[in-house]
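Shown next, in structure tokens, is the structure this report addresses.
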Protein chains: 2
Amino acid sequence: MEWIMSNTGRELRSRIDADGAMTLSLEQVAIAEPGDDELVVRVEAAPINPTDLGLLTGPADLTTMEVLQGERTGIAFTVPQERLPAFRGRLGQSLRVGSEGAGTVVRAGRNLAGLEGRRVGMIGDGMYADYRLIGGRNFMLLPDGANASDGASMFINPLTALGLMETAGREGHKAIVHTAAASNVGQMLQKICLADGMPLINIVRSQEQVDILRGLGAVHVLNSKNEAFSTQLAEVIAQTGATIAFDPIGGGKLGGKILQAMERAAVAKMPSYDRYGSSVFKQLYIYGALDLSPTILNRAALGFRWSVSGWLLWPFLHSVGPEVEDRLRQRVIEELTTTFATHYTRTISLAEALEPEVLLAYKRLATGEKYLIDPTRG
Amino acid sequence: MEWIMSNTGRELRSRIDADGAMTLSLEQVAIAEPGDDELVVRVEAAPINPTDLGLLTGPADLTTMEVLQGERTGIAFTVPQERLPAFRGRLGQSLRVGSEGAGTVVRAGRNLAGLEGRRVGMIGDGMYADYRLIGGRNFMLLPDGANASDGASMFINPLTALGLMETAGREGHKAIVHTAAASNVGQMLQKICLADGMPLINIVRSQEQVDILRGLGAVHVLNSKNEAFSTQLAEVIAQTGATIAFDPIGGGKLGGKILQAMERAAVAKMPSYDRYGSSVFKQLYIYGALDLSPTILNRAALGFRWSVSGWLLWPFLHSVGPEVEDRLRQRVIEELTTTFATHYTRTISLAEALEPEVLLAYKRLATGEKYLIDPTRG
């Protein structure tokens with residue numbers, strides 16, 4: 001085989017100790033030989049998703065950030081004592097970081113012979129590494145001509161966007177509200193909704209984001225900073241009949257306001273007054289935590305037919321079963337460089353991911369900004 | 001027939017006008033002849049439930065309360081302008097008040113011949129009245145020997161308590177948390193849980209309420225005013241495996257704290273750390289609005305497998321269908337004076353219900369206090 005493997009590679013690790021000392025570091029680890037149904041993949045592209053920040057910085061007090069002294073590459077932080085209890089389950093463990101990525105197969109197990117040299121997308125922890133052992137349903141072959149950056153984000157965001165759409169359809173809703181809608185997932189969802197004929201109300205926070213979505217052909221885009229936002233939201237919800245909302249923000253009052261607007265639209269169509277509100281069921285799914293502050297739900301004029309729930313990709317896929325998941329995966333592969341194209345603001349090396357100013361930059365998480373780690377850059 | 005009927009009777013009505021003027025008044029209305037499947041019932045007992053306060057005082061500014069001048073018996077209030085939009089659906093309408101009650105049949109339609117003189121419990125609006133026309137599934141015959149006050153509250157609270165229990169069972173939970181647990185519904189739920197072998201964690205706010213529930217044989221009763229409350233809650237949730245909570249309060253942080261304690265108990269049993277939290281689904285149902293302030297849901301360490309939803313008796317009964325409802329109704333009749341006995345603090349006349357100091361007293365809604373209106377008292 002033409003690939004030359006070293007016996008070890010670097011892995012980005014995150015560790016919090018019982019005293020609150022937190023470390024992000026690059027560790028040299030042995031590369032295992034693949035089992036019969038496994039591959040060793042040289043990682044060439046791995047995105048920094050919002051979900052990865054939970055391990056990269058998580059509960060750390062960023063003002064305490066210091067570059068590690070000595071031979072190890074890395075950063076040290078302190079986690080404030082009051083935040084520690086929630087992380088009890090991981091104290092003292094060196095956790096691998098990076099939830100998806102793509103690269104080239106450098107070694108294949110007996111049952112996967114012939115895949116050497118092929119590019120694959122991968123899902124699972126530990127993608128911020130030189131090499132990743134992978135198997136089972138945790139990889140997909142990239143179509144011919146696709147490069148590693150095309151496949152780096154082919155699991156989480158595409159399957160999330162398809163999963164949101166699938167959820168809305170299965171639960172019988174006829175229009176969707178989406179917040180932080182200019183996000184990578186939001187853009188994918190808009191393309192899916194246009195293709196599948198599902199009305200989508202996009203809520204964003206700037207004119208720039210409005211323009212991004214308009215550029216994709218979005219019909220309903222509301223800027224929540226506009227004075228007329230509440231009125232516009234009520235109008236477009238009444239017009240579309242939206243009764244489901246997906247919210248990756250989580251904190252604050254926006255989700256509740258959306259539910260109230262849905263209820264108002266339903267009440268306006270009632271023939272007579274009912275103190276318990278409408279009989280229309282309204283669902284808000286919180287699928288992210290861009291705002292860690294509490295969710296504030298004003299129940300005035302909300303009635304009793306509503307639900308606010310967490311939504312997470314993996315339990316969703318589990319609940320719909322492998323056949324549906326395979327259908328969604330197939331669509332991702334077919335539309336990898338169109339519907340599910342992800343644009344990266346900047347590509348950095350593994351070592352750069354642990355430079356303080358770079359970390360602060362990707363930690364900002366601005367919509368439209370997305371970092372890609374390419375471990376082959378050093 | 002031995003009952004002498006007048007052609008008219010009084011009805012307590014609630015009206016809000018577009019300018020915010022609100023009136024509660026007794027109006028003389030004609031008593032209709034019953035249809036073939038209807039009864040005319042002389043109302044002898046009708047409780048003031050929390051749900052009735054929505055029409056009795058609702059959005060009114062109580063400091064503006066004035067006794068009506070002139071011939072009509074009643075009270076006038078002002079509704080602040082900012083609260084009016086939520087009540088748009090009822091402006092200008094004279095609404096009947098009183099959601100359940102009991103009394104004696106004074107006239108029966110052709111298909112219900114023979115029921116004259118029998119006592120019935122009734123569900124539906126307009127029970128604060130001298131007479132009520134009723135039919136269909138909206139009444140139940142009281143067992144022999146039961147008086148009107150025994151049957152006055154046989155629908156809402158008993159079916160709610162049974163409905164909560166049924167919901168927990170259907171959704172696969174093995175222990176329940178209940179807030180404001182010394183309430184009428186709470187006491188019924190405790191008796192049902194003891195009879196049916198479902199562990200119940202009661203949360204109350206005073207030692208007196210603790211004593212009430214202990215007196216019923218409650219095993220788990222926590223006073224949320226105790227310093228050790230959070231620790232105790234975590235312990236007893238871990239011990240019982242409770243994953244569902246019913247909360248008639250709605251406002252504030254308590255519901256979210258219960259969900260967090262459930263998640264903490266689930267995480268403690270996980271073999272390894274998962275940044276998305278446990279795979280245990282946790283459900284909080286808000287079935288009342290004792291606190292109208294917003295629900296504050298702290299999602300820290302809550303994971304993504306949770307739901308906060310409205311729960312309302314009528315949609316629940318609709319969802320389970322008439323067979324289940326009949327089973328629950330039958331249990332209410334069988335245990336009317338035991339499990340489902342309601343104790344009233346004070347019995348008042350229809351006219352007294354519209355006296356300012358009496359209204360302020362029942363508006364207070366203190367747990368354990370419950371008023372009964374007996375229209376035959378004048």
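Ligands are numbered from 1 in the order shown, chains are lettered A, B, ... in the order of the structure tokens, and residues start at 1 in each chain.
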
Give me, as a PDB file with N, CA and C atoms, in the first residue's frame, the contact residues of chain B against chain A at a cut-off of 8 Å, counting only C-alpha atoms.
```
ATOM      1  N   GLY B  54     -60.669  32.858  36.364  1.00  0.00           N
ATOM      2  CA  GLY B  54     -60.374  33.484  35.077  1.00  0.00           C
ATOM      3  C   GLY B  54     -61.536  34.330  34.575  1.00  0.00           C
ATOM      4  N   LEU B  55     -62.742  33.882  34.822  1.00  0.00           N
ATOM      5  CA  LEU B  55     -63.913  34.662  34.429  1.00  0.00           C
ATOM      6  C   LEU B  55     -64.388  35.588  35.555  1.00  0.00           C
ATOM      7  N   ALA B  86     -55.162  40.121  25.083  1.00  0.00           N
ATOM      8  CA  ALA B  86     -55.270  38.677  25.294  1.00  0.00           C
ATOM      9  C   ALA B  86     -56.721  38.236  25.448  1.00  0.00           C
ATOM     10  N   GLY B  89     -61.044  37.949  22.298  1.00  0.00           N
ATOM     11  CA  GLY B  89     -62.066  36.992  21.889  1.00  0.00           C
ATOM     12  C   GLY B  89     -63.359  37.069  22.681  1.00  0.00           C
ATOM     13  N   ARG B  90     -63.343  37.720  23.847  1.00  0.00           N
ATOM     14  CA  ARG B  90     -64.560  37.730  24.667  1.00  0.00           C
ATOM     15  C   ARG B  90     -65.117  39.136  24.866  1.00  0.00           C
ATOM     16  N   VAL B 267     -28.060  11.031  35.075  1.00  0.00           N
ATOM     17  CA  VAL B 267     -26.642  11.142  34.712  1.00  0.00           C
ATOM     18  C   VAL B 267     -25.775  10.355  35.698  1.00  0.00           C
ATOM     19  N   ALA B 268     -26.185  10.360  36.964  1.00  0.00           N
ATOM     20  CA  ALA B 268     -25.392   9.652  37.988  1.00  0.00           C
ATOM     21  C   ALA B 268     -25.312   8.162  37.697  1.00  0.00           C
ATOM     22  N   SER B 272     -20.637   6.440  31.214  1.00  0.00           N
ATOM     23  CA  SER B 272     -19.625   7.379  30.737  1.00  0.00           C
ATOM     24  C   SER B 272     -20.255   8.732  30.435  1.00  0.00           C
ATOM     25  N   TYR B 273     -19.404   9.747  30.365  1.00  0.00           N
ATOM     26  CA  TYR B 273     -19.871  11.114  30.142  1.00  0.00           C
ATOM     27  C   TYR B 273     -20.426  11.290  28.741  1.00  0.00           C
ATOM     28  N   ARG B 275     -21.870  14.649  26.557  1.00  0.00           N
ATOM     29  CA  ARG B 275     -22.113  16.090  26.661  1.00  0.00           C
ATOM     30  C   ARG B 275     -23.570  16.449  26.396  1.00  0.00           C
ATOM     31  N   SER B 279     -29.980   9.726  28.384  1.00  0.00           N
ATOM     32  CA  SER B 279     -30.973   9.314  27.388  1.00  0.00           C
ATOM     33  C   SER B 279     -32.343   9.149  28.035  1.00  0.00           C
ATOM     34  N   TYR B 287     -50.351  22.197  34.330  1.00  0.00           N
ATOM     35  CA  TYR B 287     -51.802  22.010  34.142  1.00  0.00           C
ATOM     36  C   TYR B 287     -52.622  23.087  34.829  1.00  0.00           C
ATOM     37  N   LEU B 292     -48.970  33.374  37.475  1.00  0.00           N
ATOM     38  CA  LEU B 292     -49.089  33.813  36.080  1.00  0.00           C
ATOM     39  C   LEU B 292     -47.767  34.292  35.491  1.00  0.00           C
ATOM     40  N   SER B 293     -46.741  34.403  36.329  1.00  0.00           N
ATOM     41  CA  SER B 293     -45.449  34.888  35.818  1.00  0.00           C
ATOM     42  C   SER B 293     -44.844  33.835  34.882  1.00  0.00           C
ATOM     43  N   PRO B 294     -43.849  34.240  34.078  1.00  0.00           N
ATOM     44  CA  PRO B 294     -43.284  33.305  33.100  1.00  0.00           C
ATOM     45  C   PRO B 294     -42.662  32.061  33.743  1.00  0.00           C
ATOM     46  N   THR B 295     -42.691  30.996  33.003  1.00  0.00           N
ATOM     47  CA  THR B 295     -41.978  29.778  33.371  1.00  0.00           C
ATOM     48  C   THR B 295     -40.505  30.001  33.056  1.00  0.00           C
ATOM     49  N   ILE B 296     -39.638  29.771  34.039  1.00  0.00           N
ATOM     50  CA  ILE B 296     -38.202  29.996  33.821  1.00  0.00           C
ATOM     51  C   ILE B 296     -37.497  28.657  33.833  1.00  0.00           C
ATOM     52  N   LEU B 297     -36.989  28.304  32.680  1.00  0.00           N
ATOM     53  CA  LEU B 297     -36.410  26.973  32.517  1.00  0.00           C
ATOM     54  C   LEU B 297     -34.907  27.085  32.344  1.00  0.00           C
ATOM     55  N   ASN B 298     -34.193  26.739  33.412  1.00  0.00           N
ATOM     56  CA  ASN B 298     -32.733  26.730  33.343  1.00  0.00           C
ATOM     57  C   ASN B 298     -32.314  25.405  32.712  1.00  0.00           C
ATOM     58  N   ARG B 299     -31.711  25.489  31.519  1.00  0.00           N
ATOM     59  CA  ARG B 299     -31.392  24.274  30.788  1.00  0.00           C
ATOM     60  C   ARG B 299     -29.991  23.732  31.094  1.00  0.00           C
ATOM     61  N   ALA B 300     -29.279  24.382  32.033  1.00  0.00           N
ATOM     62  CA  ALA B 300     -27.939  23.895  32.376  1.00  0.00           C
ATOM     63  C   ALA B 300     -28.048  22.475  32.917  1.00  0.00           C
ATOM     64  N   ALA B 301     -27.234  21.594  32.384  1.00  0.00           N
ATOM     65  CA  ALA B 301     -27.209  20.204  32.844  1.00  0.00           C
ATOM     66  C   ALA B 301     -28.578  19.545  32.758  1.00  0.00           C
ATOM     67  N   GLY B 303     -29.655  18.406  29.636  1.00  0.00           N
ATOM     68  CA  GLY B 303     -29.632  17.532  28.467  1.00  0.00           C
ATOM     69  C   GLY B 303     -30.645  17.994  27.431  1.00  0.00           C
ATOM     70  N   PHE B 304     -30.985  17.085  26.518  1.00  0.00           N
ATOM     71  CA  PHE B 304     -31.930  17.431  25.454  1.00  0.00           C
ATOM     72  C   PHE B 304     -33.137  16.502  25.420  1.00  0.00           C
ATOM     73  N   ARG B 305     -33.244  15.615  26.406  1.00  0.00           N
ATOM     74  CA  ARG B 305     -34.358  14.673  26.401  1.00  0.00           C
ATOM     75  C   ARG B 305     -35.410  15.106  27.416  1.00  0.00           C
ATOM     76  N   TRP B 306     -36.098  16.168  27.111  1.00  0.00           N
ATOM     77  CA  TRP B 306     -37.105  16.674  28.057  1.00  0.00           C
ATOM     78  C   TRP B 306     -38.200  17.382  27.282  1.00  0.00           C
ATOM     79  N   SER B 307     -39.305  17.550  27.959  1.00  0.00           N
ATOM     80  CA  SER B 307     -40.406  18.289  27.378  1.00  0.00           C
ATOM     81  C   SER B 307     -41.171  18.988  28.493  1.00  0.00           C
ATOM     82  N   VAL B 308     -41.544  20.231  28.228  1.00  0.00           N
ATOM     83  CA  VAL B 308     -42.412  20.994  29.121  1.00  0.00           C
ATOM     84  C   VAL B 308     -43.676  21.277  28.314  1.00  0.00           C
ATOM     85  N   SER B 309     -44.810  20.828  28.805  1.00  0.00           N
ATOM     86  CA  SER B 309     -46.014  20.907  27.991  1.00  0.00           C
ATOM     87  C   SER B 309     -47.201  21.355  28.823  1.00  0.00           C
ATOM     88  N   GLY B 310     -48.164  21.956  28.149  1.00  0.00           N
ATOM     89  CA  GLY B 310     -49.439  22.212  28.799  1.00  0.00           C
ATOM     90  C   GLY B 310     -50.210  20.899  28.916  1.00  0.00           C
ATOM     91  N   TRP B 311     -50.964  20.772  29.994  1.00  0.00           N
ATOM     92  CA  TRP B 311     -51.848  19.599  30.148  1.00  0.00           C
ATOM     93  C   TRP B 311     -53.209  20.132  30.535  1.00  0.00           C
ATOM     94  N   LEU B 312     -54.218  19.669  29.824  1.00  0.00           N
ATOM     95  CA  LEU B 312     -55.558  20.164  30.082  1.00  0.00           C
ATOM     96  C   LEU B 312     -56.505  18.971  30.039  1.00  0.00           C
ATOM     97  N   PRO B 315     -58.736  18.072  26.457  1.00  0.00           N
ATOM     98  CA  PRO B 315     -57.988  17.413  25.376  1.00  0.00           C
ATOM     99  C   PRO B 315     -57.474  16.030  25.798  1.00  0.00           C
TER     100      PRO B 315
END
```

- request: Skip Asn111 in chain B itself and residues of its chain fewer than 3 positions away, then list as a PyMOL selection string all residues within 10 Å of it, counting only C-alpha atoms.
  value: chain B and resi 35-39+108+114-115

Contacts of Ser349 in chain B within 6 Å, only C-alpha atoms, excl. fewer than 3 positions in-chain, as a ChimeraX atom specification: /B:352,373-375,377-378

Would you save the residues of that selection, restricted to N, CA, C and O atoms, as a compact mmCIF listing (two decimals), in the first residue's frame?
```txt
# COMPACT_ATOMS: atom_id res chain seq x y z
N GLU B 352 -73.81 36.70 47.58
CA GLU B 352 -72.58 36.91 48.35
C GLU B 352 -71.32 36.78 47.48
O GLU B 352 -70.30 37.43 47.73
N ILE B 373 -70.69 27.71 46.21
CA ILE B 373 -71.85 28.59 46.04
C ILE B 373 -73.12 27.74 46.08
O ILE B 373 -73.22 26.74 45.36
N ASP B 374 -74.05 28.13 46.93
CA ASP B 374 -75.36 27.46 46.98
C ASP B 374 -76.43 28.47 46.58
O ASP B 374 -76.86 29.29 47.40
N PRO B 375 -76.85 28.44 45.32
CA PRO B 375 -77.80 29.47 44.84
C PRO B 375 -79.13 29.43 45.58
O PRO B 375 -79.85 30.42 45.60
N ARG B 377 -79.53 29.61 48.56
CA ARG B 377 -79.45 30.51 49.71
C ARG B 377 -79.76 31.96 49.33
O ARG B 377 -79.67 32.85 50.18
N GLY B 378 -80.00 32.19 48.05
CA GLY B 378 -80.36 33.56 47.64
C GLY B 378 -79.26 34.26 46.91
O GLY B 378 -78.14 33.76 46.79
```

message: Given only C-alpha atoms as the basis, pick out the residue of A:Met140, A:Leu222, A:Leu68, A:Ala175 nearest to Ser206 in chain A.
response: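 Using only C-alpha atoms, the shortest distance to Ser206 in chain A belongs to A:Leu222.
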
field: Residue set, range 191-321 of chain A restricted to helix (DSSP H, G or I), as a ChimeraX atom specification
entry: /A:191-196,207-215,229-240,254-268,313-320

field: Residues flagged strand (DSSP E) by DSSP in range 19-247 of chain A, as a ChimeraX atom specification
entry: /A:21-30,38-47,61-67,74-78,95-96,100-108,119-123,131-135,139-141,176-179,200-204,220-223,244-247

Range 229-236 of chain A surroundings by only C-alpha atoms, 10 Å radius, close-in-sequence under 2 positions cut, as a PyMOL selection string: chain A and resi 177+200-203+220-227+238-242+257-258+260-265

query: Interatomic distance between CA of Thr347 in chain B and CA of Leu142 in chain B?
result: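 A separation of 20.2 Å between them.
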
field: Contacts of range 323-329 of chain B within 8 Å, only C-alpha atoms, excl. fewer than 4 positions in-chain, as number ranges by chain
entry: B: 159, 162, 317, 333

Give me the residues near Gln28 in chain B as a CSV table (one decimal) with N, CA and C atoms, in the first residue's frame, where near means some atom within 9 Å (using only C-alpha atoms) and where sequence neighbours in that chain fewer than 2 positions away do not count.
```csv
chain,number,residue,atom,x,y,z
B,8,THR,N,-88.1,32.2,35.3
B,8,THR,CA,-86.8,32.8,35.1
B,8,THR,C,-85.9,32.4,36.3
B,9,GLY,N,-84.6,32.6,36.2
B,9,GLY,CA,-83.7,32.4,37.3
B,9,GLY,C,-82.5,33.3,37.1
B,10,ARG,N,-81.7,33.4,38.1
B,10,ARG,CA,-80.5,34.2,38.0
B,10,ARG,C,-79.3,33.5,37.4
B,11,GLU,N,-78.5,34.2,36.7
B,11,GLU,CA,-77.2,33.6,36.2
B,11,GLU,C,-76.1,34.6,36.5
B,26,LEU,N,-75.5,39.5,38.4
B,26,LEU,CA,-76.6,38.5,38.3
B,26,LEU,C,-77.6,39.0,37.4
B,30,ALA,N,-84.5,33.6,31.2
B,30,ALA,CA,-85.6,32.6,31.0
B,30,ALA,C,-85.0,31.2,31.2
```

field: Gap from CA of Thr64 in chain A to CA of Leu350 in chain A - Å, one decimal
entry: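 A separation of 21.6 Å between them.
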
field: Residue contacts of Ile123 in chain B (9 Å, only C-alpha atoms) excluding same-chain residues fewer than 2 positions away, as a ChimeraX atom specification
entry: /B:99-102,121,125,127,134,137-140,153-156

Expected file contents, prior selection, N, CA and C atoms, as a tab-separated table (two decimals), in the first residue's frame:
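After the write, part.tsv holds the following:
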```
chain	number	residue	atom	x	y	z
B	99	SER	N	-67.98	26.39	36.44
B	99	SER	CA	-67.68	25.33	35.49
B	99	SER	C	-68.21	23.96	35.89
B	100	GLU	N	-68.68	23.81	37.11
B	100	GLU	CA	-69.31	22.54	37.46
B	100	GLU	C	-70.22	22.76	38.66
B	101	GLY	N	-71.05	21.80	38.95
B	101	GLY	CA	-71.97	21.95	40.07
B	101	GLY	C	-72.85	20.72	40.21
B	102	ALA	N	-73.77	20.80	41.14
B	102	ALA	CA	-74.70	19.68	41.36
B	102	ALA	C	-76.02	20.24	41.84
B	121	GLY	N	-74.57	15.49	39.25
B	121	GLY	CA	-73.41	16.36	39.13
B	121	GLY	C	-73.35	16.82	37.69
B	125	ASP	N	-70.22	25.36	31.45
B	125	ASP	CA	-70.29	26.74	31.95
B	125	ASP	C	-71.63	27.06	32.59
B	127	MET	N	-72.74	27.40	35.84
B	127	MET	CA	-73.29	26.71	37.01
B	127	MET	C	-73.61	27.66	38.16
B	134	ILE	N	-79.18	20.95	31.06
B	134	ILE	CA	-78.00	20.10	30.85
B	134	ILE	C	-78.40	18.85	30.08
B	137	ARG	N	-73.38	14.05	27.70
B	137	ARG	CA	-72.44	13.47	28.66
B	137	ARG	C	-72.08	14.45	29.77
B	138	ASN	N	-72.84	15.54	29.86
B	138	ASN	CA	-72.43	16.60	30.79
B	138	ASN	C	-73.03	16.49	32.18
B	139	PHE	N	-73.66	15.34	32.48
B	139	PHE	CA	-74.09	15.13	33.86
B	139	PHE	C	-73.86	13.67	34.26
B	140	MET	N	-73.79	13.43	35.56
B	140	MET	CA	-73.73	12.08	36.11
B	140	MET	C	-74.73	12.01	37.26
B	153	SER	N	-68.23	18.89	42.92
B	153	SER	CA	-66.88	18.92	42.33
B	153	SER	C	-66.50	17.54	41.82
B	154	MET	N	-67.43	16.83	41.24
B	154	MET	CA	-67.13	15.46	40.84
B	154	MET	C	-66.52	15.34	39.45
B	155	PHE	N	-66.44	16.41	38.72
B	155	PHE	CA	-65.86	16.33	37.38
B	155	PHE	C	-64.40	16.79	37.34
B	156	ILE	N	-64.19	18.08	37.54
B	156	ILE	CA	-62.88	18.66	37.19
B	156	ILE	C	-61.73	18.09	38.02
```

Please report, as JSON lines, each residue of range 188-219 of chain A lying at most 10 Å from range 163-168 of chain A, together with the nearest pair of atoms and the separation in Å rounded to one decimal; use only C-alpha atoms, and order rows by chain and ascending residue number.
```
{"residue": "A:Leu189", "atom": "CA", "partner": "A:Met165", "partner_atom": "CA", "distance": 7.3}
{"residue": "A:Gln190", "atom": "CA", "partner": "A:Met165", "partner_atom": "CA", "distance": 9.9}
{"residue": "A:Ile192", "atom": "CA", "partner": "A:Met165", "partner_atom": "CA", "distance": 7.8}
{"residue": "A:Cys193", "atom": "CA", "partner": "A:Met165", "partner_atom": "CA", "distance": 7.5}
{"residue": "A:Asp196", "atom": "CA", "partner": "A:Met165", "partner_atom": "CA", "distance": 9.3}
{"residue": "A:Met198", "atom": "CA", "partner": "A:Met165", "partner_atom": "CA", "distance": 8.5}
```

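Distances from A:Ser319, A:Asn49, A:Ser25, A:Ser183 to Gln209 in chain A were compared using only C-alpha atoms, and the smallest one belongs to A:Ser183.
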
task: For CA of Thr104 in chain B and CA of Glu44 in chain B, determine how far apart the two atoms are, in Å to one decimal place.
output: 7.3 Å
